[in-house]
file input-v3.cif (mmCIF, C-alpha atoms)
data_work
loop_
_atom_site.label_atom_id
_atom_site.label_comp_id
_atom_site.auth_asym_id
_atom_site.auth_seq_id
_atom_site.Cartn_x
_atom_site.Cartn_y
_atom_site.Cartn_z
CA MET A 1 -26.22 11.16 -7.35
CA SER A 2 -25.34 13.06 -4.18
CA ASP A 3 -27.34 10.63 -1.99
CA GLU A 4 -25.81 7.44 -3.41
CA PRO A 5 -23.46 5.52 -1.07
CA VAL A 6 -20.87 4.95 -3.82
CA PHE A 7 -19.87 6.53 -7.10
CA PRO A 8 -21.38 4.52 -9.96
CA VAL A 9 -19.27 3.37 -12.89
CA GLY A 10 -19.31 6.11 -15.50
CA ALA A 11 -19.58 8.97 -12.99
CA THR A 12 -17.19 11.80 -13.70
CA LEU A 13 -15.13 13.87 -11.29
CA ASP A 14 -12.99 16.97 -11.50
CA ASP A 15 -15.47 18.69 -13.82
CA GLY A 16 -15.66 15.74 -16.15
CA ARG A 17 -11.94 15.18 -16.61
CA ILE A 18 -11.81 11.87 -14.70
CA ARG A 19 -14.27 9.01 -15.24
CA ILE A 20 -14.88 6.26 -12.68
CA THR A 21 -14.36 2.82 -14.23
CA GLU A 22 -14.47 0.55 -11.15
CA ARG A 23 -15.24 0.68 -7.45
CA ILE A 24 -12.43 -1.10 -5.62
CA ILE A 25 -13.69 -0.91 -2.04
CA GLY A 26 -15.21 1.43 0.52
CA GLU A 27 -17.93 4.05 0.30
CA ARG A 28 -18.58 7.28 -1.52
CA TRP A 29 -17.02 9.46 1.16
CA ARG A 30 -14.18 7.14 2.14
CA GLY A 31 -13.32 4.63 -0.53
CA ARG A 32 -11.09 3.75 -3.45
CA TYR A 33 -11.94 3.76 -7.15
CA ARG A 34 -10.20 3.02 -10.42
CA ALA A 35 -10.58 5.81 -12.97
CA GLU A 36 -9.26 7.01 -16.28
CA ALA A 37 -8.79 10.23 -18.20
CA GLY A 38 -8.18 11.12 -21.81
CA GLY A 39 -5.32 9.40 -23.57
CA GLY A 40 -5.78 6.20 -21.57
CA LYS A 41 -4.19 7.56 -18.41
CA ARG A 42 -5.22 5.44 -15.40
CA PHE A 43 -5.72 6.67 -11.85
CA ILE A 44 -6.57 5.40 -8.38
CA VAL A 45 -8.96 7.82 -6.66
CA THR A 46 -9.11 7.75 -2.87
CA THR A 47 -12.06 9.65 -1.46
CA GLY A 48 -11.92 11.07 2.05
CA GLY A 49 -12.87 13.90 4.33
CA ARG A 50 -11.96 17.51 3.78
CA GLN A 51 -8.35 18.02 4.78
CA LYS A 52 -7.55 19.97 7.90
CA GLY A 53 -4.86 22.61 7.89
CA ASP A 54 -3.24 24.15 4.85
CA LEU A 55 -4.05 22.11 1.73
CA ALA A 56 -0.91 23.32 -0.04
CA GLN A 57 1.15 21.92 2.83
CA VAL A 58 -0.72 18.60 2.66
CA ARG A 59 0.16 18.42 -1.05
CA ARG A 60 3.82 19.07 -0.26
CA ASP A 61 3.85 16.48 2.54
CA LEU A 62 2.31 13.84 0.28
CA ALA A 63 4.29 14.65 -2.87
CA MET A 64 6.64 11.75 -2.03
CA ASN A 65 8.88 12.25 -5.03
CA ALA A 66 11.06 9.13 -5.05
CA PRO A 67 11.89 6.30 -7.46
CA GLY A 68 9.20 3.63 -7.45
CA VAL A 69 6.52 5.85 -5.87
CA ALA A 70 3.55 6.41 -8.18
CA ALA A 71 3.08 10.01 -9.27
CA LEU A 72 0.66 12.28 -7.44
CA GLU A 73 -1.92 13.83 -9.75
CA HIS A 74 -4.18 15.80 -7.41
CA ILE A 75 -5.19 16.36 -3.78
CA GLY A 76 -8.17 18.50 -2.93
CA GLY A 77 -11.68 19.22 -4.11
CA LEU A 78 -13.22 17.02 -6.77
CA ALA A 79 -16.46 18.33 -8.21
CA GLY A 80 -18.84 15.54 -9.26
CA ASP A 81 -21.65 15.33 -11.79
CA ASP A 82 -24.20 16.90 -9.47
CA PRO A 83 -23.55 20.68 -9.26
CA HIS A 84 -25.67 20.88 -6.10
CA ALA A 85 -23.77 18.17 -4.20
CA HIS A 86 -21.27 19.11 -1.51
CA GLU A 87 -17.71 19.18 -2.72
CA PHE A 88 -15.58 16.42 -1.29
CA HIS A 89 -11.84 15.97 -1.11
CA GLY A 90 -10.01 13.24 -2.98
CA LEU A 91 -6.53 11.90 -3.59
CA VAL A 92 -5.72 11.05 -7.21
CA GLU A 93 -2.61 8.96 -7.96
CA VAL A 94 -1.40 7.61 -11.28
CA GLU A 95 -2.01 3.87 -11.28
CA PRO A 96 1.23 1.93 -11.83
CA ASP A 97 1.70 -0.89 -14.30
CA GLY A 98 0.71 -4.29 -13.01
CA HIS A 99 -1.70 -5.31 -10.26
CA PRO A 100 -1.99 -4.82 -6.48
CA SER A 101 -0.29 -7.53 -4.43
CA SER A 102 -3.70 -8.27 -2.88
CA GLU A 103 -4.65 -9.92 -6.20
CA LEU A 104 -1.87 -12.51 -5.94
CA GLU A 105 -2.83 -16.11 -5.28
CA LEU A 106 -1.09 -16.87 -1.98
CA PRO A 107 1.09 -18.45 -0.74
CA LEU A 108 3.78 -17.89 -3.34
CA PRO A 109 6.80 -20.12 -3.98
CA PRO A 110 9.70 -18.92 -1.79
CA ARG A 111 11.84 -17.72 -4.72
CA VAL A 112 8.99 -15.52 -5.98
CA ALA A 113 7.94 -14.25 -2.52
CA LEU A 114 11.50 -13.42 -1.43
CA GLY A 115 12.20 -11.72 -4.75
CA LEU A 116 9.18 -9.45 -4.32
CA ALA A 117 10.06 -8.70 -0.68
CA SER A 118 13.62 -7.80 -1.70
CA ASP A 119 12.25 -5.52 -4.43
CA LEU A 120 10.08 -3.73 -1.88
CA GLY A 121 13.01 -3.35 0.49
CA ARG A 122 15.22 -1.78 -2.19
CA LEU A 123 12.39 0.56 -3.13
CA LEU A 124 11.94 1.68 0.49
CA LEU A 125 15.69 2.19 0.81
CA ARG A 126 15.68 4.51 -2.21
CA ALA A 127 12.62 6.33 -0.89
CA ARG A 128 14.22 7.01 2.49
CA GLU A 129 17.41 8.17 0.78
CA ALA A 130 15.21 10.66 -1.09
CA GLY A 131 13.75 11.87 2.23
CA VAL A 132 10.41 10.06 1.77
CA VAL A 133 9.07 8.33 4.90
CA ILE A 134 6.32 5.73 4.42
CA GLN A 135 4.72 4.61 7.67
CA GLN A 136 1.90 2.34 6.49
CA LEU A 137 1.89 0.26 3.32
CA PRO A 138 -1.01 -2.20 2.99
CA ILE A 139 -0.50 -4.88 0.35
CA GLU A 140 -3.22 -3.26 -1.76
CA LEU A 141 -0.82 -0.36 -2.30
CA ILE A 142 2.12 -2.51 -3.47
CA TYR A 143 1.89 -3.16 -7.22
CA VAL A 144 3.57 -6.08 -8.93
CA GLY A 145 4.19 -6.68 -12.61
CA ARG A 146 6.34 -8.71 -14.97
CA SER A 147 9.88 -7.44 -15.40
CA ALA A 148 10.05 -8.42 -19.09
CA THR A 149 7.78 -5.57 -20.23
CA ARG A 150 7.30 -1.92 -19.40
CA ARG A 151 3.57 -1.67 -20.09
CA PHE A 152 0.74 -4.07 -19.35
CA SER A 153 -2.56 -4.49 -21.10
CA LEU A 154 -5.21 -4.97 -18.42
CA PRO A 155 -6.50 -7.33 -17.40
CA TRP A 156 -3.77 -9.98 -17.29
CA ARG A 157 -3.64 -12.85 -14.84
CA LEU A 158 -1.01 -13.06 -12.14
CA THR A 159 0.70 -16.44 -12.30
CA LYS A 160 1.55 -17.91 -8.92
CA GLY A 161 4.98 -19.28 -9.83
CA ASP A 162 6.06 -16.58 -12.28
CA GLU A 163 9.62 -15.63 -11.27
CA ARG A 164 9.45 -12.59 -13.56
CA LEU A 165 7.15 -10.86 -11.07
CA ARG A 166 8.67 -7.70 -9.63
CA VAL A 167 7.40 -4.83 -7.50
CA SER A 168 6.62 -2.16 -10.09
CA ALA A 169 5.62 0.72 -7.78
CA ILE A 170 3.78 1.68 -4.61
CA LEU A 171 0.90 4.07 -3.95
CA PRO A 172 1.63 4.96 -0.32
CA ARG A 173 -0.43 8.10 0.28
CA ALA A 174 -3.91 6.83 1.21
CA PRO A 175 -3.27 6.11 4.93
CA SER A 176 -1.68 9.55 5.45
CA PHE A 177 -4.45 11.21 3.43
CA TRP A 178 -7.11 9.75 5.70
CA ARG A 179 -5.18 10.55 8.89
CA THR A 180 -4.97 14.23 7.95
CA ALA A 181 -8.71 14.57 7.29
CA GLN A 182 -10.88 16.69 9.57
CA GLN A 183 -12.50 13.43 10.68
CA PRO A 184 -9.45 11.14 10.60
CA CYS A 185 -9.56 7.37 10.31
CA PHE A 186 -6.37 5.81 11.65
CA ALA A 187 -6.91 2.06 11.35
CA LEU A 188 -8.85 2.04 8.06
CA PRO A 189 -10.39 -1.42 8.68
CA GLN A 190 -13.20 -0.80 6.20
CA VAL A 191 -10.71 -0.56 3.33
CA PHE A 192 -7.49 -2.42 4.12
CA GLU A 193 -7.43 -5.94 5.56
CA TYR A 194 -4.05 -5.97 7.30
CA PRO A 195 -2.28 -3.32 9.44
CA MET A 196 0.95 -3.28 7.41
CA ALA A 197 2.98 -1.00 9.66
CA ALA A 198 5.45 -1.19 12.53
CA PRO A 199 4.02 -0.64 16.04
CA GLU A 200 5.71 2.76 16.40
CA ALA A 201 4.41 3.88 13.00
CA LEU A 202 0.84 3.11 14.06
CA HIS A 203 1.39 5.80 16.72
CA GLY A 204 2.79 8.30 14.22
CA LYS A 205 6.45 7.83 15.17
CA ASP A 206 9.18 7.19 12.63
CA HIS A 207 12.22 4.94 12.91
CA PRO A 208 14.38 3.67 10.01
CA ALA A 209 13.75 0.10 11.17
CA ALA A 210 10.02 0.56 10.50
CA ASP A 211 10.83 -0.18 6.85
CA SER A 212 12.38 -3.52 7.83
CA TYR A 213 9.18 -4.37 9.68
CA VAL A 214 6.97 -3.66 6.65
CA VAL A 215 9.19 -5.72 4.35
CA ALA A 216 9.17 -8.65 6.81
CA LEU A 217 5.37 -8.45 7.09
CA TYR A 218 5.07 -8.45 3.31
CA ALA A 219 7.43 -11.42 2.97
CA ALA A 220 5.62 -13.44 5.66
CA LEU A 221 2.25 -12.78 4.07
CA LEU A 222 3.47 -13.78 0.60
CA LEU A 223 5.19 -16.93 1.91
CA THR A 224 2.38 -18.24 4.11
CA GLY A 225 -0.78 -16.65 2.77
CA GLU A 226 -1.55 -15.56 6.34
CA PHE A 227 -0.90 -12.42 8.34
CA PRO A 228 1.77 -13.29 10.95
CA PHE A 229 -0.29 -11.78 13.79
CA GLU A 230 -3.50 -13.69 14.33
CA GLY A 231 -6.86 -12.06 14.95
CA ALA A 232 -10.48 -12.49 13.92
CA ASN A 233 -10.64 -8.88 12.71
CA PHE A 234 -8.44 -5.90 11.92
CA ASP A 235 -8.45 -4.51 15.46
CA LEU A 236 -7.32 -7.81 17.03
CA ARG A 237 -4.57 -8.22 14.45
CA MET A 238 -3.36 -4.71 15.20
CA LEU A 239 -3.42 -5.42 18.97
CA ASN A 240 -1.37 -8.61 18.56
CA LEU A 241 1.03 -6.77 16.27
CA GLU A 242 1.62 -4.06 18.86
CA MET A 243 2.15 -6.68 21.57
CA GLY A 244 4.52 -8.71 19.40
CA LEU A 245 2.40 -11.89 19.60
CA LEU A 246 3.81 -13.52 16.49
CA GLN A 247 2.15 -16.77 15.41
CA THR A 248 4.02 -19.85 14.22
CA MET A 249 4.83 -19.23 10.55
CA ASN A 250 6.12 -22.74 9.65
CA LEU A 251 8.83 -21.33 7.40
CA PRO A 252 12.12 -22.95 6.42
CA PRO A 253 14.72 -22.17 9.13
CA ALA A 254 16.91 -20.16 6.74
CA ILE A 255 13.98 -17.81 6.04
CA ASP A 256 12.48 -17.77 9.55
CA ARG A 257 15.73 -16.67 11.20
CA ARG A 258 15.88 -13.67 8.87
CA LEU A 259 12.25 -12.56 9.15
CA ARG A 260 11.63 -13.08 12.86
CA PRO A 261 14.21 -10.49 14.12
CA ALA A 262 12.77 -7.92 11.71
CA LEU A 263 9.33 -8.35 13.33
CA ASP A 264 10.49 -7.48 16.84
CA PRO A 265 8.17 -4.85 18.39
CA SER A 266 11.25 -2.87 19.50
CA PRO A 267 12.78 -1.03 16.52
CA ASP A 268 16.25 -1.06 18.10
CA LYS A 269 16.25 -4.88 18.02
CA ARG A 270 15.33 -5.23 14.33
CA LEU A 271 17.62 -5.98 11.44
CA PRO A 272 18.54 -2.87 9.40
CA LEU A 273 16.71 -2.88 6.08
CA ARG A 274 19.78 -3.30 3.90
CA GLU A 275 20.91 -6.29 5.95
CA LEU A 276 17.42 -7.78 5.75
CA CYS A 277 17.32 -7.37 1.95
CA ASP A 278 20.73 -9.02 1.60
CA GLY A 279 19.57 -11.88 3.82
CA LEU A 280 16.39 -12.42 1.81
CA ALA A 281 18.37 -12.42 -1.42
CA ALA A 282 20.76 -15.01 0.05
CA ALA A 283 17.87 -17.19 1.23
CA ARG A 284 16.30 -16.94 -2.23
CA THR A 285 19.38 -18.26 -3.99
CA GLY A 286 20.53 -20.62 -1.22
#
call {"tool": "encode", "arguments": {"input": "input-v3.cif", "output": "structure tokens"}}
result
Amino acid sequence: MSDEPVFPVGATLDDGRIRITERIIGERWRGRYRAEAGGGKRFIVTTGGRQKGDLAQVRRDLAMNAPGVAALEHIGGLAGDDPHAHEFHGLVEVEPDGHPSSELELPLPPRVALGLASDLGRLLLRAREAGVVIQQLPIELIYVGRSATRRFSLPWRLTKGDERLRVSAILPRAPSFWRTAQQPCFALPQVFEYPMAAPEALHGKDHPAADSYVVALYAALLLTGEFPFEGANFDLRMLNLEMGLLQTMNLPPAIDRRLRPALDPSPDKRLPLRELCDGLAAARTG
């Protein structure tokens, strides 16, 4: 097993406590897997390089205890089935109810898209109030579910026009986990399709308006089905994002005039997140 490029379904980790049920994407040493443990508990396992620095400090930095942030189960060594294989480091998060936003059929109707973007904005507001800073949030890490129920039996199909869809939780730790590895990967193109982060966040700098940027990116992607910064690959999209080369989004004027200022490359020129959320809510009901 130690020479295989990916973990096969049925492989166990953490001395048999966690069983791999699905490979999501990536490779054995830097990838993402769905897993489960006893009692039906579901996890997302992110595999990556051994962490540099003090592992206890990494766990504290990535605890991210805030409403709407999926619980952290484990960071550190995960022993596999093969006792002779090298130990690797993994990130284990409790999988939220619902499905990743990347499984949505896009574009969404404006009322649904703006509702989800507003949900994400409120969640990021609460996280920042709790002292949790989230710099990168690919759509694969934003989970959506139906508001009418608390639990979901998987699989269930996401319905394009379902206005009950709400952001159920986020799993924001994977980008930071990879950046703090001994062999860091900053852009993560082999796993995530879009660079969902403000330009300053891509350089490790924080600004409150970075949250507005992520919410506007999410809204634009849901509304159009396209990333608002063109590029044939991840690196070109990231370059156009940093340069502020925004493509024509063909959105209704009432929505465009709210999203475009939030996508300014200068954080001081962006709408504050609370104002953006209020504007999206108004556009949704207008």
call {"tool": "resolve_selection", "arguments": {"input": "input-v3.cif", "expression": "the PyMOL selection byres ((chain A and resi 273) around 12)", "output": "PyMOL selection string"}}
result
chain A and resi 117-126+128+207-216+258-259+261-263+267+270-272+274-280
call {"tool": "atom_distance", "arguments": {"input": "input-v3.cif", "atom1": "CA of Leu91 (chain A)", "atom2": "CA of Gln135 (chain A)"}}
result
17.5 Å
call {"tool": "closest_residue", "arguments": {"input": "input-v3.cif", "among": "A:Leu202, A:Leu62, A:Ala130, A:Leu222", "to": "Glu103 (chain A)", "atoms": "all atoms listed in the file"}}
result
A:Leu222
call {"tool": "axis_aligned_box", "arguments": {"input": "input-v3.cif", "around": "region 106-120 of chain A", "padding_each_side": "6 Å", "output": "AutoDock Vina command-line options"}}
result
--center_x 6.3 --center_y -11.9 --center_z -3.3 --size_x 26.7 --size_y 28.4 --size_z 17.3
call {"tool": "residues_around", "arguments": {"input": "input-v3.cif", "residues": "Val9 (chain A)", "least_positions_apart": "5", "cutoff": "8 Å", "atoms": "all atoms listed in the file", "output": "PyMOL selection string"}}
result
chain A and resi 19-23
call {"tool": "write_last_selection", "arguments": {"input": "input-v3.cif", "atoms": "C-alpha atoms", "output": "PDB file, in the frame of the given file"}}
result
ATOM      1  CA  ARG A  19     -14.270   9.010 -15.240  1.00  0.00           C
ATOM      2  CA  ILE A  20     -14.880   6.260 -12.680  1.00  0.00           C
ATOM      3  CA  THR A  21     -14.360   2.820 -14.230  1.00  0.00           C
ATOM      4  CA  GLU A  22     -14.470   0.550 -11.150  1.00  0.00           C
ATOM      5  CA  ARG A  23     -15.240   0.680  -7.450  1.00  0.00           C
TER       6      ARG A  23
END
call {"tool": "resolve_selection", "arguments": {"input": "input-v3.cif", "expression": "the PyMOL selection byres ((chain A and resi 232-249) around 7)", "output": "list in words"}}
result
Pro189, Glu193, Tyr194, Pro195, Pro199, Thr224, Pro228, Phe229, Glu230, Gly231, Asn250, Leu251, Asp264 and Pro265 of chain A
call {"tool": "atom_distance", "arguments": {"input": "input-v3.cif", "atom1": "CA of Thr47 (chain A)", "atom2": "CA of Tyr218 (chain A)"}}
result
25.4 Å
call {"tool": "residues_around", "arguments": {"input": "input-v3.cif", "residues": "Arg50 (chain A)", "least_positions_apart": "4", "cutoff": "8 Å", "atoms": "only C-alpha atoms", "output": "PDB file with C-alpha atoms, keeping the file's coordinate frame"}}
result
ATOM      1  CA  GLY A  76      -8.170  18.500  -2.930  1.00  0.00           C
ATOM      2  CA  PHE A  88     -15.580  16.420  -1.290  1.00  0.00           C
ATOM      3  CA  HIS A  89     -11.840  15.970  -1.110  1.00  0.00           C
ATOM      4  CA  ALA A 181      -8.710  14.570   7.290  1.00  0.00           C
ATOM      5  CA  GLN A 182     -10.880  16.690   9.570  1.00  0.00           C
TER       6      GLN A 182
END
call {"tool": "closest_residue", "arguments": {"input": "input-v3.cif", "among": "A:Ile142, A:Leu104, A:Leu171, A:Leu165", "to": "Leu223 (chain A)", "atoms": "only C-alpha atoms"}}
result
A:Leu104
call {"tool": "residues_near_point", "arguments": {"input": "input-v3.cif", "point": "(2.8, 17.8, -3.0)", "cutoff": "12 Å", "atoms": "only C-alpha atoms", "output": "VMD selection string"}}
result
chain A and resid 54 to 65 71 to 76 91 to 93 132 173 177
call {"tool": "write_last_selection", "arguments": {"input": "input-v3.cif", "atoms": "C-alpha atoms", "output": "mmCIF file, keeping the file's coordinate frame"}}
result
data_model
loop_
_atom_site.group_PDB
_atom_site.id
_atom_site.type_symbol
_atom_site.label_atom_id
_atom_site.label_comp_id
_atom_site.auth_asym_id
_atom_site.auth_seq_id
_atom_site.Cartn_x
_atom_site.Cartn_y
_atom_site.Cartn_z
ATOM 1 C CA ASP A 54 -3.240 24.150 4.850
ATOM 2 C CA LEU A 55 -4.050 22.110 1.730
ATOM 3 C CA ALA A 56 -0.910 23.320 -0.040
ATOM 4 C CA GLN A 57 1.150 21.920 2.830
ATOM 5 C CA VAL A 58 -0.720 18.600 2.660
ATOM 6 C CA ARG A 59 0.160 18.420 -1.050
ATOM 7 C CA ARG A 60 3.820 19.070 -0.260
ATOM 8 C CA ASP A 61 3.850 16.480 2.540
ATOM 9 C CA LEU A 62 2.310 13.840 0.280
ATOM 10 C CA ALA A 63 4.290 14.650 -2.870
ATOM 11 C CA MET A 64 6.640 11.750 -2.030
ATOM 12 C CA ASN A 65 8.880 12.250 -5.030
ATOM 13 C CA ALA A 71 3.080 10.010 -9.270
ATOM 14 C CA LEU A 72 0.660 12.280 -7.440
ATOM 15 C CA GLU A 73 -1.920 13.830 -9.750
ATOM 16 C CA HIS A 74 -4.180 15.800 -7.410
ATOM 17 C CA ILE A 75 -5.190 16.360 -3.780
ATOM 18 C CA GLY A 76 -8.170 18.500 -2.930
ATOM 19 C CA LEU A 91 -6.530 11.900 -3.590
ATOM 20 C CA VAL A 92 -5.720 11.050 -7.210
ATOM 21 C CA GLU A 93 -2.610 8.960 -7.960
ATOM 22 C CA VAL A 132 10.410 10.060 1.770
ATOM 23 C CA ARG A 173 -0.430 8.100 0.280
ATOM 24 C CA PHE A 177 -4.450 11.210 3.430
#
call {"tool": "residues_near_point", "arguments": {"input": "input-v3.cif", "point": "(-7.3, 8.0, -17.0)", "cutoff": "10 Å", "atoms": "all atoms listed in the file", "output": "list in words"}}
result
Arg17, Ile18, Arg19, Ile20, Thr21, Arg34, Ala35, Glu36, Ala37, Gly38, Gly39, Gly40, Lys41, Arg42, Phe43, Ile44, Val94 and Glu95 of chain A
call {"tool": "atom_distance", "arguments": {"input": "input-v3.cif", "atom1": "CA of Thr285 (chain A)", "atom2": "CA of Ser101 (chain A)"}}
result
22.4 Å
call {"tool": "closest_residue", "arguments": {"input": "input-v3.cif", "among": "A:Gly68, A:Pro8, A:Gly204, A:Gly98", "to": "Gly145 (chain A)", "atoms": "all atoms listed in the file"}}
result
A:Gly98
call {"tool": "closest_residue", "arguments": {"input": "input-v3.cif", "among": "A:Val45, A:Ala198, A:Val112, A:Leu106", "to": "Gly31 (chain A)", "atoms": "all atoms listed in the file"}}
result
A:Val45
call {"tool": "closest_residue", "arguments": {"input": "input-v3.cif", "among": "A:Ile24, A:Ala201, A:Leu217, A:Ala113", "to": "Ala281 (chain A)", "atoms": "all atoms listed in the file"}}
result
A:Ala113
call {"tool": "closest_residue", "arguments": {"input": "input-v3.cif", "among": "A:Ile255, A:Ala169, A:Arg30, A:Gly48", "to": "Ala70 (chain A)", "atoms": "only C-alpha atoms"}}
result
A:Ala169
call {"tool": "build_atoms", "arguments": {"input": "input-v3.cif", "residues": "region 165-178 of chain A", "atoms": "N, CA and C atoms", "output": "PDB file, in the coordinates of the input"}}
result
ATOM      1  N   LEU A 165       7.887 -11.869 -11.822  1.00  0.00           N
ATOM      2  CA  LEU A 165       7.150 -10.860 -11.070  1.00  0.00           C
ATOM      3  C   LEU A 165       8.110  -9.975 -10.285  1.00  0.00           C
ATOM      4  N   ARG A 166       7.875  -8.675 -10.362  1.00  0.00           N
ATOM      5  CA  ARG A 166       8.670  -7.700  -9.630  1.00  0.00           C
ATOM      6  C   ARG A 166       7.741  -6.615  -9.075  1.00  0.00           C
ATOM      7  N   VAL A 167       8.154  -5.985  -7.993  1.00  0.00           N
ATOM      8  CA  VAL A 167       7.400  -4.830  -7.500  1.00  0.00           C
ATOM      9  C   VAL A 167       7.613  -3.690  -8.486  1.00  0.00           C
ATOM     10  N   SER A 168       6.508  -3.208  -9.074  1.00  0.00           N
ATOM     11  CA  SER A 168       6.620  -2.160 -10.090  1.00  0.00           C
ATOM     12  C   SER A 168       6.558  -0.767  -9.472  1.00  0.00           C
ATOM     13  N   ALA A 169       5.753  -0.594  -8.424  1.00  0.00           N
ATOM     14  CA  ALA A 169       5.620   0.720  -7.780  1.00  0.00           C
ATOM     15  C   ALA A 169       4.727   0.581  -6.562  1.00  0.00           C
ATOM     16  N   ILE A 170       4.689   1.628  -5.757  1.00  0.00           N
ATOM     17  CA  ILE A 170       3.780   1.680  -4.610  1.00  0.00           C
ATOM     18  C   ILE A 170       2.960   2.966  -4.684  1.00  0.00           C
ATOM     19  N   LEU A 171       1.766   2.895  -4.086  1.00  0.00           N
ATOM     20  CA  LEU A 171       0.900   4.070  -3.950  1.00  0.00           C
ATOM     21  C   LEU A 171       0.696   4.300  -2.453  1.00  0.00           C
ATOM     22  N   PRO A 172       1.610   4.976  -1.784  1.00  0.00           N
ATOM     23  CA  PRO A 172       1.630   4.960  -0.320  1.00  0.00           C
ATOM     24  C   PRO A 172       0.821   6.035   0.383  1.00  0.00           C
ATOM     25  N   ARG A 173       0.099   6.869  -0.345  1.00  0.00           N
ATOM     26  CA  ARG A 173      -0.430   8.100   0.280  1.00  0.00           C
ATOM     27  C   ARG A 173      -1.760   7.938   0.991  1.00  0.00           C
ATOM     28  N   ALA A 174      -2.543   6.915   0.671  1.00  0.00           N
ATOM     29  CA  ALA A 174      -3.910   6.830   1.210  1.00  0.00           C
ATOM     30  C   ALA A 174      -3.975   6.846   2.730  1.00  0.00           C
ATOM     31  N   PRO A 175      -3.166   6.051   3.467  1.00  0.00           N
ATOM     32  CA  PRO A 175      -3.270   6.110   4.930  1.00  0.00           C
ATOM     33  C   PRO A 175      -2.996   7.505   5.493  1.00  0.00           C
ATOM     34  N   SER A 176      -1.977   8.191   4.968  1.00  0.00           N
ATOM     35  CA  SER A 176      -1.680   9.550   5.450  1.00  0.00           C
ATOM     36  C   SER A 176      -2.798  10.514   5.067  1.00  0.00           C
ATOM     37  N   PHE A 177      -3.358  10.351   3.889  1.00  0.00           N
ATOM     38  CA  PHE A 177      -4.450  11.210   3.430  1.00  0.00           C
ATOM     39  C   PHE A 177      -5.642  11.114   4.370  1.00  0.00           C
ATOM     40  N   TRP A 178      -5.986   9.911   4.785  1.00  0.00           N
ATOM     41  CA  TRP A 178      -7.110   9.750   5.700  1.00  0.00           C
ATOM     42  C   TRP A 178      -6.787  10.261   7.096  1.00  0.00           C
TER      43      TRP A 178
END
